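The next block holds one structure in the form of structure tokens; read it before the comments.
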4 protein chains.
Amino acid sequence: MSLQKFDFTVSNLGAAKLKSPVLLSHVYGDTIANYVADDDHVLYHITLGAGDKDTKLQEYGTLEKAGPREKIYFNPDHVRAAVLTCGGLCPGLNDVIRSIVRTLWHRYGVRTIYGIRFGYNGFLGEIKNSIMELDPDVVDDIHRIGGSVLGSSRGGGERTSDIVDAIERLNLNQVYIIGGDGTQKGALKIAREIAQRGLKISVIGIPKTIDNDLSFIEKSFGFETAVVRATEAVYAAHQEAHSAINGVGLVKVMGRESGFIAAHTAIASHDVNFVLIPEVPFELEGPNGFFEHLRRRLEKRNHAVVLVSEGAGQKLMDQASQGHGTDASGNKRLGDIGIYLKERISEYFRSINMPMNLKYIDPSYIIRSSEAIPTDSMYCSRLGSNAVHAGMTGKTEVLVSLVNNNFVHLPIEVAVRTRNTVDPESSLWRDVIDATGMPVKMTNE
Amino acid sequence: MSLQKFDFTVSNLGAAKLKSPVLLSHVYGDTIANYVADDDHVLYHITLGAGDKDTKLQEYGTLEKAGPREKIYFNPDHVRAAVLTCGGLCPGLNDVIRSIVRTLWHRYGVRTIYGIRFGYNGFLGEIKNSIMELDPDVVDDIHRIGGSVLGSSRGGGERTSDIVDAIERLNLNQVYIIGGDGTQKGALKIAREIAQRGLKISVIGIPKTIDNDLSFIEKSFGFETAVVRATEAVYAAHQEAHSAINGVGLVKVMGRESGFIAAHTAIASHDVNFVLIPEVPFELEGPNGFFEHLRRRLEKRNHAVVLVSEGAGQKLMDQASQGHGTDASGNKRLGDIGIYLKERISEYFRSINMPMNLKYIDPSYIIRSSEAIPTDSMYCSRLGSNAVHAGMTGKTEVLVSLVNNNFVHLPIEVAVRTRNTVDPESSLWRDVIDATGMPVKMTNE
Amino acid sequence: MSLQKFDFTVSNLGAAKLKSPVLLSHVYGDTIANYVADDDHVLYHITLGAGDKDTKLQEYGTLEKAGPREKIYFNPDHVRAAVLTCGGLCPGLNDVIRSIVRTLWHRYGVRTIYGIRFGYNGFLGEIKNSIMELDPDVVDDIHRIGGSVLGSSRGGGERTSDIVDAIERLNLNQVYIIGGDGTQKGALKIAREIAQRGLKISVIGIPKTIDNDLSFIEKSFGFETAVVRATEAVYAAHQEAHSAINGVGLVKVMGRESGFIAAHTAIASHDVNFVLIPEVPFELEGPNGFFEHLRRRLEKRNHAVVLVSEGAGQKLMDQASQGHGTDASGNKRLGDIGIYLKERISEYFRSINMPMNLKYIDPSYIIRSSEAIPTDSMYCSRLGSNAVHAGMTGKTEVLVSLVNNNFVHLPIEVAVRTRNTVDPESSLWRDVIDATGMPVKMTNE
Amino acid sequence: MSLQKFDFTVSNLGAAKLKSPVLLSHVYGDTIANYVADDDHVLYHITLGAGDKDTKLQEYGTLEKAGPREKIYFNPDHVRAAVLTCGGLCPGLNDVIRSIVRTLWHRYGVRTIYGIRFGYNGFLGEIKNSIMELDPDVVDDIHRIGGSVLGSSRGGGERTSDIVDAIERLNLNQVYIIGGDGTQKGALKIAREIAQRGLKISVIGIPKTIDNDLSFIEKSFGFETAVVRATEAVYAAHQEAHSAINGVGLVKVMGRESGFIAAHTAIASHDVNFVLIPEVPFELEGPNGFFEHLRRRLEKRNHAVVLVSEGAGQKLMDQASQGHGTDASGNKRLGDIGIYLKERISEYFRSINMPMNLKYIDPSYIIRSSEAIPTDSMYCSRLGSNAVHAGMTGKTEVLVSLVNNNFVHLPIEVAVRTRNTVDPESSLWRDVIDATGMPVKMTNE
């Protein structure tokens, strides 16, 4: 119950005084959907043990509900909004863009919407034609394709002042920023620079992390699609392994600091025998190391599938294999654990003179460039419209998030402070152990 | 906050005194997943308004967490378990069966597991070869196919005494019953008859409702897959409508008493213009009726897609079209609203002399016989193993359910008392209105 | 060897004298693809028996090869081309449109290309905005979606004179007509009216028949996709049948006068037990009738899948069930054999007091509105570019067709004279019998 | 017309004198499919130029038609058949296995069918449990999964004498060998050793080459599926390239000595800008080299997709990058052109100081382990049954092949003598140039 220390209070540009053009009700029982009141909250922590029953709700930490308010801050006629996508690709980017544009246009009547091309770099004047006009026709069918129609790129977000200059030049008053941890840290700085300059510009983040590792965000958009696509790659690895003499299928999936994709894929695919993630240490050698367990599996069943998160086992690699420095998004460069394991496993079986056939699959680009599956697409659509409701009401420095199946407003500052990781003591990891039959520990001490 | 009146207390066959063979920890911080304590609970209601902050957690209604316990009731060597699937097909049936078998076998060491073929009827002695032995090999690949490898059928569940006789003859002490509302009502009667006979047999339900309409169950298995498949049918209807002169695509989806599939599909597909569900009344004729709105849409955009739940608009149909009586599962027979609308819409446009091309698609069997998508498959897998954990611990008269992303134990009695329906004042329906642009009301008064 | 009576000579508007802008070679061995000469031909009949070995090639019937010629008839600067799609939807329509536009634009430099909306009706002045301009940008992504971006409709083609008037008014000199048997008959009349008026307008047909029943056309575009989609529906029927007590899955697929989709789907799906097509007569009753064979199958295996072409068994239906008259494309209206069989089968099993569960699936609209699978899309692309090569060279009254894996020019007159049907003595039907295990005959005489 | 030098005469074990249990007709017009006569032939060459019209059919080269004969050589009661799969995975392996087993069992009544596990190695006594019994139940659902249920491996085929010893020990009289060029060369030696030993054992090959590069084989099984899956990878590369600043998507596909997969995928996907195949030489540097064309494309359109066959550009690589020696199947080891190009392209753009984002995708294992698409599955099914018809009739040293849409018998010797490659002067390559807009030549001389 360490949640109380977070300040979940959302910033506002000012009092929302205008009547919303979104015609809803605030009467229960009239069969018309209702406006959301700023008082409406959602519990964050929802599990309780024997001693917690008398605790009061408020102490459990509550988040402001997202959704359309009866009063809005911006006059739609004066809104000049922009949308941008930053960082690596993720299924659903186009769905979110589409939803933002359509909600602004159809629900609020906003007629000036820009797409900033190639992320923050599109603000910096170094890319030609980096501003495009958006309307419902332009975005009508974009949810059917993967990628981002706006383009995306890493970096640029550290040039806060230049970006705010550009925002001013474009005379924007709402900026919707779709991106991950690094991007949202940039958004926070932008919002604060805006505040310092005394501007009334709403900065709304839509959290993007295919790794599903942002805090206080139950499920990131694109994550479900990523699991579905990763499962297809695992299936290929399984067939390769199964058809060979002592076949090993090795698949690397995204997950720099958290193994959510690997964990979910392992359960969803039913074909994985070993899952290696950043959160759970493992050794390669020794009587309880991974190699020995892999060898035993091959002896017994003749084939095995290994699923590894890109961030797993970084400590195992020697200096040559390890990554160095950071990329343009500020992410630490990782050594390639997939290639490393492929070589080490091969070496090991040569050393014990046991024939082994390894096939290595890295489906990362196929996964992240996929169009969203329909259920994910639906989620993106709702994220996007809730972002617009937040923006029109004058919220700022805020992410739209899903918590316990409710859309909420989450201060950017809270979201970027920590990361979400797979808890090895959770039911999720327990179910991975169950689904794979892998050992609980693969270390020797 | 009307939840307090429900009694969420779960029945037990007796004290669980045996050490579980599932080796987990009860120490936090040792990186080994933990047993669940019977004290662990989950809040059911999680939203709160201005006045609720001082309410105590307990008053909000709490549910017992599902999962493996440290102590179990049944000695695995003595367990004789059975699994059956009842009612209509639903994606994921085989995944649940597979998970139950594998968890019993691999986690608990149970070696006697029967599949009862064709639902309750398989107990009644009228089907030859209705008992099949199950083990991990038999179920190894069944999650890759749709349908139920056990077969399914409606009805039979009302013959409580015969079924309990059969259970006794087979000397079963755990029965896993996968089925919907009617099936679970039957399971409740069976469990009570068992209790009355003084037998120690655990009856565990796994709720199945492709309509997603069971109470206290956040998301029924197969539902996500149903939305994905329904979206494909809507896409076909959209292409047909879009390529024709005044084209209308009409799609009927499952949803006897609740419009969840239709509502989710409408948002997920981005192609639907009108959604008709049982919960929201509508009229066909008159200045604010559906026909007039459809006409206007065609005038403006030349095409339209209409998505209707099978249970919608039952009152509109005259006696000839309406359904009569109930089927073998005890479900009210419905008139076919799809065919009815197809004819009435055609008639209407003939009457106003406006050319119109309607294509009607009923994808129901294609939806329900589909294999589960991977994310759904993962959910089924977790449902099945939690059901076994419940059974082994000696729980009975209980459903395994997902509430606020946590697996919980839910007394069958509570689940079958009411139905879950789409609340027209909820954010879900608001998002349907947003996504479709349809009028909030299509009635004339 | 009855082919000699066909006149395979293709009509030309006049001598092709201009240098083609498509830069190819006519030198073999320079590793540059070559122009096609009008002398290049393809054999139509390619099987021979013992007595045919001395026959000369020419007597076997030869077709002119399609492809780019060194000399063209039209000056690209003066070309005003139009494309239209007629009749029911078929996978690949957009691929063909896209290919025609791109080949005209990129390969020949044509800059005036119109899309005529909603088929022949788009020429008739009764639809607003029925002429749209096409260029590579407009068609860039249309191959990713099903349907026809131009829209399609039945009928209108009989108004030859009005259509030629419209063609003259638009000052067109190339018309690309994508459509089936009825459409191409219309195209032939249009081409002849054009000739009679002394106009130099090329009329090129691209044969469309999802049923695959046009003569001299090895494989119609969209057919492969249709088989893939139909296989998915059969799979659903199989799962439904397999999961029920005496389950019968009944699927109706397209095929008005020929059972190609049904025959191919039966072999491709591996799940079908009975195939009913227009070419092979069958009886329902009697000791060797379909019902009796179905009953035996159920007794033995408890489930069965029946696949029926829409044109099968028309004679069985009584007058009430049979169709009457013709639709706007001139196609005979058919009675609905799917519904008819569903009712008759149910009736039969009631009459013999045998429980039976029938699920009926009609996937027609889902099949025909699908986007083309990649291999089909490739075929469409090649069809479209060969159509343009024919048009630019001044060919007219000609279809582009695939014969023995070669693209050829086929006089429209030859193609529309007869229909292609499944030969019950062919290896195709033999393989259906093999794949299904169905009886060779289901008649009683 | 260099075909006459091939000897297309098929070997027989002896006269076929037994009545076939496959009940067909040899009467035309009785609506029952007919037996195939050994006289029935198919033309191989079917295109002709101006001077060929008087040529006699026979001189054009003819192939014996495959299919069931009225008289067979083997008494089904005495048949002991074996099936094996060799070399790398390919979509459809299981479909062929299934069809062989089912045709032997259901059509001919053969009851002794073995699967030899892991290819030729399964004969050599070094793998435990390498012989499995096959029947229709075992293979019933195997077409739904990828890989080979028998397992596969490279090599072993050179141990002719040991293999024939094993065949004798198992008392086999029909051996069905599914594999590629190297495998069929081995089969030929095996068949000749068998002949030399005076044994009456039929050796039938089913040609497998995902590269589609076997001579006299119109389309290898699995090839269509490979194109469909490769198209999906290209689509991912396109989205990555399109969403980045100067994005380049690089995809490597199978094709050691021929670029068929690349050529077909380029046309099918509509997204490729450059195709590099073994048959068409290209240079990287210089004013007409690939780098310069790629640079221009990026300048103009900001993104590009490059598709490369694994066997392309081997001469470009320096000794370090080039492959050395051969693998166990006797295939020359290739250097990895994908990795090589990835590095060289990156280097080039760094050298000219132009930002560029390259994403490299190698989907090979995902492609080859895929289950067959339905149309491919149908083809496999027909290949397998024709192989059995050939075997039962006592043919040997023969492949079953598709030529001009007819199934034929092809002497193994003829098939393995040369390879099929993409002719740069063919209409296929012309259509690749059209579809991509790439230059006809990328060399500087």
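Each chain of the structure tokens is named A, B, ... in the order shown, its residues numbered from 1; ligands are numbered from 1 in display order.
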
Once you count only C-alpha atoms, which residues of chain B turn out to be within 12 Å of chain D? Could you give them as a short mmCIF file (atom, residue, chain, number, x, y, z; two decimals) with C-alpha atoms, in the first residue's frame?
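Heads up, here's the output in result-v8.cif:
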```
data_model
loop_
_atom_site.label_atom_id
_atom_site.label_comp_id
_atom_site.auth_asym_id
_atom_site.auth_seq_id
_atom_site.Cartn_x
_atom_site.Cartn_y
_atom_site.Cartn_z
CA ASP B 141 -3.03 -29.98 -29.96
CA ILE B 142 -6.74 -29.41 -29.45
CA ARG B 144 -5.50 -25.29 -32.49
CA ILE B 145 -9.02 -26.22 -33.58
#
```

Leaving out B:Thr47 and any residue of its chain fewer than 5 positions from it, which residues lie within 9 Å of it when counting only C-alpha atoms, given as a short mmCIF file (atom, residue, chain, number, x, y, z; two decimals) with N, CA and C atoms, in the first residue's frame?
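Everything below was put into part.cif:
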```cif
data_model
loop_
_atom_site.label_atom_id
_atom_site.label_comp_id
_atom_site.auth_asym_id
_atom_site.auth_seq_id
_atom_site.Cartn_x
_atom_site.Cartn_y
_atom_site.Cartn_z
N ASP A 40 -15.54 11.88 -10.31
CA ASP A 40 -15.57 10.43 -10.54
C ASP A 40 -14.16 9.87 -10.54
N HIS A 41 -13.98 8.89 -9.71
CA HIS A 41 -12.65 8.31 -9.57
C HIS A 41 -12.69 6.79 -9.68
N VAL A 42 -11.51 6.24 -9.83
CA VAL A 42 -11.35 4.79 -9.94
C VAL A 42 -10.26 4.38 -8.96
N LEU A 43 -10.50 3.27 -8.27
CA LEU A 43 -9.48 2.75 -7.37
C LEU A 43 -8.32 2.19 -8.17
N THR A 62 -6.67 6.88 -5.61
CA THR A 62 -7.71 6.93 -6.64
C THR A 62 -7.27 7.81 -7.81
N LYS A 65 -11.34 9.79 -13.40
CA LYS A 65 -11.89 9.13 -14.58
C LYS A 65 -11.75 10.01 -15.82
N ASN A 406 -10.92 0.87 -16.56
CA ASN A 406 -11.50 2.21 -16.66
C ASN A 406 -10.47 3.17 -17.25
#
```

**Point-to-point distance from atom CA of C:Thr31 to atom CA of D:Leu250, Å rounded to tenths** = 24.9 Å

**Request:** Going by DSSP on the backbone, which bits of stretch 257-432 of chain A are strand (DSSP E or B)? Write them as a ChimeraX atom specification, please.
**Result:** /A:274-276,282,303-309,326,332,357-361,395-396,398-403,406-411,419

How would the residues just picked look written out with C-alpha atoms as a CSV table (one decimal), in the first residue's frame?
```csv
chain,number,residue,atom,x,y,z
A,274,PHE,CA,11.7,-22.0,-21.7
A,275,VAL,CA,11.1,-18.3,-21.2
A,276,LEU,CA,14.0,-16.0,-20.4
A,282,PHE,CA,19.4,-17.3,-15.1
A,303,HIS,CA,12.7,-30.8,-29.4
A,304,ALA,CA,12.4,-27.5,-27.4
A,305,VAL,CA,11.2,-23.9,-27.9
A,306,VAL,CA,13.0,-21.1,-26.2
A,307,LEU,CA,11.5,-17.6,-26.0
A,308,VAL,CA,13.8,-14.8,-24.9
A,309,SER,CA,13.1,-11.1,-24.3
A,326,THR,CA,22.2,4.9,-25.7
A,332,LYS,CA,20.4,2.0,-23.4
A,357,ASN,CA,19.5,-28.2,-34.8
A,358,LEU,CA,18.8,-24.6,-33.9
A,359,LYS,CA,16.6,-22.3,-35.8
A,360,TYR,CA,16.6,-18.7,-34.7
A,361,ILE,CA,13.7,-16.3,-35.4
A,395,LYS,CA,-6.3,19.1,-18.9
A,396,THR,CA,-2.5,19.1,-19.4
A,398,VAL,CA,-1.6,14.2,-18.5
A,399,LEU,CA,-1.7,10.7,-20.0
A,400,VAL,CA,-4.8,8.9,-20.9
A,401,SER,CA,-4.5,5.4,-19.4
A,402,LEU,CA,-6.5,2.3,-18.7
A,403,VAL,CA,-6.6,1.2,-15.0
A,406,ASN,CA,-11.5,2.2,-16.7
A,407,PHE,CA,-10.0,5.0,-18.7
A,408,VAL,CA,-8.4,7.5,-16.4
A,409,HIS,CA,-6.2,10.6,-16.4
A,410,LEU,CA,-2.7,10.0,-15.1
A,411,PRO,CA,-0.2,12.8,-14.5
A,419,ARG,CA,8.6,1.1,-14.9
```

DSSP-assigned alpha helix (DSSP H) among stretch 209-365 of chain C, expressed as a compact mmCIF listing (two decimals) with C-alpha atoms, in the first residue's frame:
```
# COMPACT_ATOMS: atom_id res chain seq x y z
CA PHE C 223 -11.23 -17.82 -57.96
CA GLU C 224 -8.30 -18.89 -55.80
CA THR C 225 -9.32 -16.42 -53.13
CA ALA C 226 -12.86 -17.74 -53.30
CA VAL C 227 -11.60 -21.26 -52.68
CA VAL C 228 -9.52 -20.10 -49.72
CA ARG C 229 -12.46 -18.26 -48.15
CA ALA C 230 -14.89 -21.09 -48.89
CA THR C 231 -12.49 -23.48 -47.20
CA GLU C 232 -12.74 -21.36 -44.06
CA ALA C 233 -16.52 -21.65 -44.10
CA VAL C 234 -16.30 -25.40 -44.60
CA TYR C 235 -13.96 -25.56 -41.64
CA ALA C 236 -16.59 -23.86 -39.50
CA ALA C 237 -19.23 -26.28 -40.74
CA HIS C 238 -16.93 -29.17 -39.94
CA GLN C 239 -16.37 -27.97 -36.38
CA GLU C 240 -20.09 -27.48 -35.85
CA ALA C 241 -20.88 -30.93 -37.25
CA HIS C 242 -18.08 -32.62 -35.36
CA PHE C 260 -15.70 -25.35 -59.69
CA ILE C 261 -15.65 -23.55 -56.35
CA ALA C 262 -17.34 -26.50 -54.68
CA ALA C 263 -15.03 -29.04 -56.34
CA HIS C 264 -11.83 -27.21 -55.51
CA THR C 265 -12.97 -26.36 -52.00
CA ALA C 266 -13.84 -29.97 -51.32
CA ILE C 267 -10.31 -31.09 -52.18
CA ALA C 268 -8.64 -28.11 -50.53
CA SER C 269 -10.54 -28.37 -47.27
CA PHE C 290 -28.40 -38.54 -51.07
CA PHE C 291 -30.48 -38.87 -47.89
CA GLU C 292 -29.72 -42.56 -47.56
CA HIS C 293 -26.01 -41.99 -48.06
CA LEU C 294 -26.04 -39.16 -45.55
CA ARG C 295 -27.85 -41.35 -43.04
CA ARG C 296 -25.26 -44.08 -43.44
CA ARG C 297 -22.43 -41.65 -42.99
CA LEU C 298 -24.00 -40.38 -39.75
CA GLU C 299 -24.50 -43.90 -38.48
CA LYS C 300 -20.88 -44.66 -39.13
CA ARG C 301 -19.14 -41.42 -38.24
CA ILE C 337 -30.94 -24.85 -52.86
CA GLY C 338 -29.24 -24.19 -49.52
CA ILE C 339 -32.43 -23.35 -47.66
CA TYR C 340 -34.25 -26.08 -49.57
CA LEU C 341 -31.77 -28.78 -48.59
CA LYS C 342 -31.67 -27.54 -45.01
CA GLU C 343 -35.40 -28.03 -44.75
CA ARG C 344 -35.59 -31.30 -46.67
CA ILE C 345 -32.73 -32.90 -44.71
CA SER C 346 -34.31 -31.89 -41.40
CA GLU C 347 -37.64 -33.26 -42.56
CA TYR C 348 -36.10 -36.53 -43.64
CA PHE C 349 -34.38 -37.21 -40.33
CA ARG C 350 -37.54 -36.30 -38.43
CA SER C 351 -39.40 -38.76 -40.63
CA SER C 364 -21.24 -16.01 -50.28
CA TYR C 365 -20.92 -12.32 -49.43
```

**Asked** Residues at most 12 Å from A:Pro207, counting only C-alpha atoms, excluding those fewer than 4 positions away in the same chain, as a PyMOL selection string?
**Response** chain A and resi 85-87+90+92-93+96+176-185+187+211-223+380+383-384+387+398-402+409-412+415-416

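Atom CA of D:Trp429 lies 20.1 Å from atom CA of C:Asp38.
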
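Computed from the coordinates, the atom CA of D:Asp162 to atom CA of D:Ile204 distance equals 18.6 Å.
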
**Prompt:** Which residue gives the smallest distance to B:Gly88 among C:Ser243, C:Asn302, C:Thr418, C:Asn444, with only C-alpha atoms counted?
**Reply:** C:Ser243
